[in-house]
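Asker: Below you will find the structure I want to go over with you.
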Amino acid sequence: MTDRQEPTHVLVVDDDARMRQVMCWALEDEGYSVAAAADAEEAVAAAAGRRPAVVVLDYGLPNGDGASTARELRAVTGAPALPIVLVTADGRASEKAARAGAAAYLHKPFEVDDLLRAVRGARA
Amino acid sequence: MSAERLDPHALPGGQARSYLAAIVESSADAIKAKTLDGTIVFWNRATERMYGYAAEEAIGRNVSFVIPPERPNELSDILARVARGERVEHYETERVRKDGTRVDVSISVSPVHDESGAVVGAATIARDITERRRIERGQRLLATAAGALVEAGLDPAAIADGLAGAAVGTLADFCAVEVLGEDGALHLAAVRDTNADLAEARRRLMDEHPLHFGERLGGRIVETGEAVLVPVVDPDALRAAMAEHHRPQADLLRLGSLLGVPMRAYGRPLGALLLGRHDALRPFAEQDVVVVQELADRAAMALDAARVHAGEERARRQAEHLAAITRQIGRSLALGDVLDGIADAAAELLGSPVVGVFLLDAAGEAFDLAAGRGLDRAQGAPVRLPRRRSAAGRAISGGRTVVVDDAREETALLGLLVAGESVGSLVVAPIGAATAPLGVVEVYAPRPGAFTPGDADLLTALADAAAVAVANARLHEELREQAATHVQLNAELRQLADARDEARAAAERALARTAFLSRASGELAGSLDYETTLATVAHLAVPGFADWCAVDLVGEGEVVRRLAVAHVDPSKVAVAQEIERRYPTAPDAPTGVPAVVRTGRAELYPDIPDELLEAATVDAEHLALARALGLRSAVIAPMSARGRVLGALSLVWAESGRHYDDGDLAVAEDLAQRCAAAIDNALLYQAAGAARADAEAERDRLRQVVEELPEGVVVLDAGGRVVVSNAAARTTLGLDPVGWSPPTGPTTMRDVRRPGGEAVAPADLPIARALARGETVHGEQIVVHHAREEREVALLVSATPLRGAGGAVEGAVAVFQDITEIRDLERERDAMLATAAHDLKNPLGAVKGAAQLLLRSLQRTGTVPTERLGPSLGMIEDTATRMAASLDELLDATRLRLGQPLALDRRPTDLVGLARRLAATYQAATDAHRIVVDAAVPELVGDWDEARIGRVVANLLSNAVKFSPAGGDVRVEVGTEDGARAVLRVYDQGVGVPPADAARVFERFARAANAAGVPGSGIGLAGARQIVEQHGGTIGVESTGGAGATFAVRLPLRGRAEAGATESGG
């Protein structure tokens, strides 16, 4: 991040702890402030606590799919256009992205650069 | 008159004159005075009114201007009488008004004397009597007309003419009577004119330029029922009102005044009466209308009466006519005459010159024109009328007469014209009963709607009479033909009789031969045992056709074998056999049976001289024996069929002394031929029988093979019914499909779908397509319902049509494989691979990400932060280990699915701890279920493969959760049995396992009937059983169905039950 303002806040939601950790590291390295959540419930709580500028969301959460989680996050943040980068481990990502109203989507395993580009793009 | 009584002398001179002048001036009578040369000297007011001339215009002029030119002497006569001192009293004449019209007057003329008494002038008193004359004329007219109508009687033409005659000369210069015909058109019934040439001119005009109803004044009058009065006809207006092509004739009509009235009878208009005057000198007036209308109505009544009478008269005449015609038609028996008679009769009866008589052709599909009148047949070809769609066809089909008011379509069918014009209407009557129609008679008219029901009745009557005549004529013709045939036959018989004598012997012989041949043929055809039959035939030939008869057959290896020898005397047969035995005929003998068999040519020996016997015998004894037989004549005929010589028939005359001739040879050849055919037939039949037996056996074998084929086979016949099924088909479908057709099969078999789920219409089933479209279908997948079990059966079907010799599809066969297991396996494999891929992608993503981050850091700063390095590497290591475990699991699952043993990694394992860990894991994934572990001991350690046993327990827990969709308790019980076995039970409160399925759930790919809709995953119960059994344990279901399921796993606590499975499975 080049601006000197408050760092952009990103919420990373993934039930896979290692994946979550890696994504947090990558974003923190770029200067984002990052919050992490392991499931939909945690994610909603986190977003309610501090409104993220971008959400990186795993589609296959144990308690709620990406589309419904996205809806809840938008509701709780009061941001209907909340940018979401959807991450999925199996196919039909574009379809799922459309369903969740996502700004971008990534297939696991993805390049770190792709994640960063997607988050940057989603914010813009 | 009053002037006469006025005494002028009683008044003073001037006064008297004034009085007179005033009286005369105001008189209602027209008074005028003139000198003896006619010069008007006085003209009173009434005269002014009467003639239209003012006094100033008249006085001083000669009075002749009011005298009609056709009365040139009237004035001079009157003046002459007056000059002689006479008075003219009430002289009725006519005068000319200033406007040219005439006025009827009654005049009285008195002489006017001067003082000397000499006549110096004439005083005229005129009275207008026009009205009176009009009434008189009307009365005269009515009287005249009454006379004319009485005279005319019931003749319509005479009535019209009488009417016209009465009108012309009294009231009109011209009269036309236009009468409404039965055809609805106006006909000029009578026209009269004071000028006969004009009447003729009118008639010609109407003939040459007929007017339509609406174009005629009469038509307008008939239509409106109102009189038309045109007192003064304006020539220009007349011309404008006339039909265009009549306009040039307007002057010819000479119409000065016109009056037309309808002729009405009983309120019905029958026509119009038109009166005219050549000039407008005496225009028709309103007063005339009443009279003329009265006249017209009287005439109409007369006309109506005439018509009624005419109708009756015509009917009577027609009836008489019909009877006469019928007699006439029936008189002739020649069909042509009869048909011509019918045509003439129809033309005459219906008053139409155009008639066609058609006869139905032999096929009963069309009519041929048989007789016609007035039909234009310029096209040359005989006129044919199709039965279908024609009125004639309807007439004979319905057995009734048909009137066609608009016959354009009909005559288009006919393709003919009537006198060069199209046909307007027609009436057609059937000739002959509806059950045996002969034809029709059709009568045409150029005008549409020309025929009445009366016409139809008339034609029907004629056609009925005609039917009898036609039938008679036909019968007659047949009889004549038969008679001709009889004559022919007689002649031939005579000829035959002439030849009879010389032919009798031959005929009898021929008859005998024929009888023999016929008997022989009967024998031959009667049996397939040809050897016996041929022996019988040989005996039949004796003695009528031979003393000896022998039959030789060519057997196998072309060896000739004597089948039968017949002779009336059996002892002679024995001799012959003895000769044959001792001196068998050489196969290569130049003559005799071997030669005939070899060449296929018959041999005839009219005589058998001794030399022949010598040449044919081998030694003296042979010759002696042959001579002893006394052979006289012989014939040997080959028995050949389809180009192959099968044997020979030998006939011999001996003791009877008779001889064979060429005729006998022919009979022998014929007989031999018949024998050959019988043999051939029998052989063929035997061969066919053998072939049939072979085919039967083949079919049985085939049936056996089909029955035992592992694939399902069904065969449909041409009607689409299943006629053959095999065991596999019955097992796969759960029923025997023989007898049903796919579209009407049992409900379960009707709901056929594609693997994708869309329904397959019965007509789209592979076998239906093969049958209906001759299509060959290769390996198509369909899904059907098992008939007895609640499950789907996936089939891979191939179907092909069965074609007969001609290539026509006579049935179809479908072969199918139950690929349900393969399909399920594929599905599970696909699901497993998807899950595996998904499960591997997360750790892979993490490893990849962590490594990339480390690399980035290294690239950017040349170093890696130590606080990141440790956790990153730790995570990578840990993840790689987990991934390896996942892959192991995947590999295990694959092996288990394929039934391959696993390489167990036995270690001391605590079953209680394992159960608790797994219970916690599954509990974390569900809120609907409560998973509890109930252990009798704190720990239960055995020598087991922890990972694999863990998978077994996980599988049971997973199932317990999955099959209790409503939630509930899942209880895991861990304990020991007999101190030798560990027992782990998993209880749930779900759907349970039906008892019938209890044994099957552990089979590979098996799923309980109520497991539909629950996705399968993991190693399955089959895999679990394999793991447990590899450990030397058992797994089983203890369930009562519906009350939840209980699965129990028993594992040996000590010792290794498994054999070398571990090692070999590595």
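Just so we're on the same page: first chain in the structure tokens is A, next is B, and so on; residues restart at 1 for each chain, and ligands are numbered from 1 in the order they show up.
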Show me, as a list in words, the residues of chain A whose atoms get within 6 Å of chain B, using only C-alpha atoms for the distance check.
Answerer: Arg18, Met19, Val22, Ala89, Asp90, Lys108 and Pro109 of chain A
Asker: Could those selected residues go to a file with N, CA, C and O atoms, as a CSV table (one decimal), in the first residue's frame?
Answerer:
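Just written: out-v1.csv:
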chain,number,residue,atom,x,y,z
A,18,ARG,N,-4.5,-23.4,7.4
A,18,ARG,CA,-3.3,-23.1,6.8
A,18,ARG,C,-3.5,-22.2,5.6
A,18,ARG,O,-2.7,-21.2,5.4
A,19,MET,N,-4.5,-22.4,4.9
A,19,MET,CA,-4.8,-21.6,3.8
A,19,MET,C,-5.1,-20.1,4.2
A,19,MET,O,-4.6,-19.1,3.7
A,22,VAL,N,-1.8,-18.5,5.2
A,22,VAL,CA,-1.0,-18.0,4.1
A,22,VAL,C,-1.6,-16.7,3.5
A,22,VAL,O,-0.9,-15.8,3.2
A,89,ALA,N,-12.2,-24.3,-4.0
A,89,ALA,CA,-11.3,-25.4,-4.3
A,89,ALA,C,-11.8,-26.3,-5.4
A,89,ALA,O,-11.1,-27.2,-5.9
A,90,ASP,N,-13.1,-26.2,-5.7
A,90,ASP,CA,-13.6,-27.0,-6.8
A,90,ASP,C,-14.2,-26.1,-7.9
A,90,ASP,O,-14.1,-24.9,-7.9
A,108,LYS,N,-8.2,-22.5,-6.0
A,108,LYS,CA,-7.1,-23.0,-5.2
A,108,LYS,C,-6.5,-24.1,-6.0
A,108,LYS,O,-7.2,-25.0,-6.6
A,109,PRO,N,-5.2,-24.3,-6.0
A,109,PRO,CA,-4.2,-23.4,-5.4
A,109,PRO,C,-4.0,-22.2,-6.4
A,109,PRO,O,-3.9,-22.5,-7.6
Asker: Quick one: residues within 8 Å of A:Arg123, only C-alpha atoms counted, chain neighbours fewer than 5 positions away excluded, as a list in words?
Answerer: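 Contacts, with the query itself left out: Ala53, Val54 and Pro83 of chain A.
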Asker: Using only C-alpha atoms, determine which residues lie at most 8 Å from B:Ala566, disregarding the query and same-chain residues fewer than 6 positions distant; provide the list as JSON, numbers by chain.
Answerer: {"B": [535, 538, 539, 542, 548, 549, 550, 573]}
Asker: Take the residues just selected and output them with C-alpha atoms as a PDB file, in the first residue's frame.
Answerer:
ATOM      1  CA  ALA B 535     -44.343-100.150 -57.720  1.00  0.00           C
ATOM      2  CA  ALA B 538     -45.949-100.343 -62.490  1.00  0.00           C
ATOM      3  CA  HIS B 539     -48.812-102.623 -61.562  1.00  0.00           C
ATOM      4  CA  VAL B 542     -50.413-103.926 -66.422  1.00  0.00           C
ATOM      5  CA  TRP B 548     -44.607-106.016 -68.434  1.00  0.00           C
ATOM      6  CA  CYS B 549     -43.702-102.892 -66.617  1.00  0.00           C
ATOM      7  CA  ALA B 550     -40.413-102.236 -64.870  1.00  0.00           C
ATOM      8  CA  VAL B 573     -41.891-111.736 -62.557  1.00  0.00           C
TER       9      VAL B 573
END
Asker: Measure the distance from atom CA of B:Glu74 to atom CA of B:Val24 in Å and round it to one decimal.
Answerer: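 Here the two named atoms are 24.9 Å from each other.
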Asker: As a CSV table (one decimal) with N, CA and C atoms, in the first residue's frame, which residues of stretch 4-109 of chain A does DSSP assign to strand (DSSP E)?
Answerer:
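Produced file states-v5.csv, reproduced below:
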chain,number,residue,atom,x,y,z
A,9,HIS,N,-8.6,-2.4,5.1
A,9,HIS,CA,-8.9,-3.5,6.0
A,9,HIS,C,-9.5,-4.6,5.1
A,10,VAL,N,-8.9,-5.8,5.2
A,10,VAL,CA,-9.3,-7.0,4.5
A,10,VAL,C,-9.7,-8.1,5.5
A,11,LEU,N,-10.9,-8.7,5.2
A,11,LEU,CA,-11.3,-9.8,6.0
A,11,LEU,C,-11.1,-11.1,5.2
A,12,VAL,N,-10.4,-12.1,5.8
A,12,VAL,CA,-10.1,-13.3,5.1
A,12,VAL,C,-10.9,-14.4,5.8
A,13,VAL,N,-11.7,-15.1,5.0
A,13,VAL,CA,-12.6,-16.1,5.6
A,13,VAL,C,-12.3,-17.5,4.9
A,33,SER,N,-4.4,-4.2,6.5
A,33,SER,CA,-4.7,-4.7,7.8
A,33,SER,C,-5.7,-5.9,7.6
A,34,VAL,N,-5.4,-7.0,8.2
A,34,VAL,CA,-6.1,-8.2,7.9
A,34,VAL,C,-6.8,-8.8,9.1
A,35,ALA,N,-8.1,-9.2,9.0
A,35,ALA,CA,-8.8,-10.0,10.0
A,35,ALA,C,-9.1,-11.3,9.4
A,36,ALA,N,-9.2,-12.4,10.2
A,36,ALA,CA,-9.4,-13.7,9.7
A,36,ALA,C,-10.6,-14.3,10.4
A,37,ALA,N,-11.3,-15.2,9.6
A,37,ALA,CA,-12.4,-15.9,10.2
A,37,ALA,C,-12.4,-17.3,9.6
A,54,VAL,N,-12.5,-5.1,1.7
A,54,VAL,CA,-12.6,-6.2,0.8
A,54,VAL,C,-12.7,-7.5,1.7
A,55,VAL,N,-13.5,-8.5,1.2
A,55,VAL,CA,-13.6,-9.7,1.8
A,55,VAL,C,-13.0,-10.8,0.9
A,56,VAL,N,-12.1,-11.6,1.4
A,56,VAL,CA,-11.6,-12.8,0.7
A,56,VAL,C,-12.4,-13.9,1.3
A,57,LEU,N,-13.2,-14.6,0.4
A,57,LEU,CA,-14.2,-15.5,1.0
A,57,LEU,C,-14.1,-16.9,0.4
A,58,ASP,N,-13.9,-17.9,1.2
A,58,ASP,CA,-13.9,-19.3,0.7
A,58,ASP,C,-15.3,-19.7,0.5
A,60,GLY,N,-16.7,-22.7,0.1
A,60,GLY,CA,-17.2,-23.9,0.8
A,60,GLY,C,-17.0,-23.9,2.3
A,61,LEU,N,-17.7,-23.1,3.0
A,61,LEU,CA,-17.6,-23.0,4.4
A,61,LEU,C,-18.5,-24.1,5.1
A,64,GLY,N,-22.5,-22.7,5.9
A,64,GLY,CA,-23.1,-21.7,5.0
A,64,GLY,C,-22.3,-21.5,3.8
A,65,ASP,N,-22.9,-21.5,2.7
A,65,ASP,CA,-22.1,-21.4,1.4
A,65,ASP,C,-21.8,-20.0,1.1
A,84,ILE,N,-16.1,-8.6,-2.9
A,84,ILE,CA,-15.8,-9.9,-2.4
A,84,ILE,C,-14.9,-10.6,-3.4
A,85,VAL,N,-13.8,-11.2,-2.9
A,85,VAL,CA,-13.0,-12.0,-3.8
A,85,VAL,C,-13.3,-13.5,-3.4
A,86,LEU,N,-13.9,-14.2,-4.3
A,86,LEU,CA,-14.3,-15.6,-3.9
A,86,LEU,C,-13.2,-16.6,-4.2
A,87,VAL,N,-13.0,-17.5,-3.3
A,87,VAL,CA,-11.9,-18.5,-3.4
A,87,VAL,C,-12.6,-19.8,-3.3
A,88,THR,N,-12.3,-20.7,-4.2
A,88,THR,CA,-12.9,-22.0,-4.2
A,88,THR,C,-12.0,-23.1,-4.6
A,104,ALA,N,-14.3,-10.8,-8.0
A,104,ALA,CA,-13.3,-11.7,-8.6
A,104,ALA,C,-13.4,-13.0,-8.0
A,105,TYR,N,-12.8,-14.0,-8.7
A,105,TYR,CA,-12.7,-15.3,-8.1
A,105,TYR,C,-11.4,-16.0,-8.4
A,106,LEU,N,-11.0,-16.9,-7.5
A,106,LEU,CA,-9.7,-17.6,-7.6
A,106,LEU,C,-9.9,-19.1,-7.3
A,107,HIS,N,-9.1,-19.9,-8.1
A,107,HIS,CA,-9.1,-21.3,-7.9
A,107,HIS,C,-8.0,-21.7,-7.0
Asker: Mind listing the alpha helix (DSSP H) residues of chain A, per DSSP on the backbone, as a PyMOL selection string?
Answerer: chain A and resi 17-29+40-49+66-77+93-100+112-123
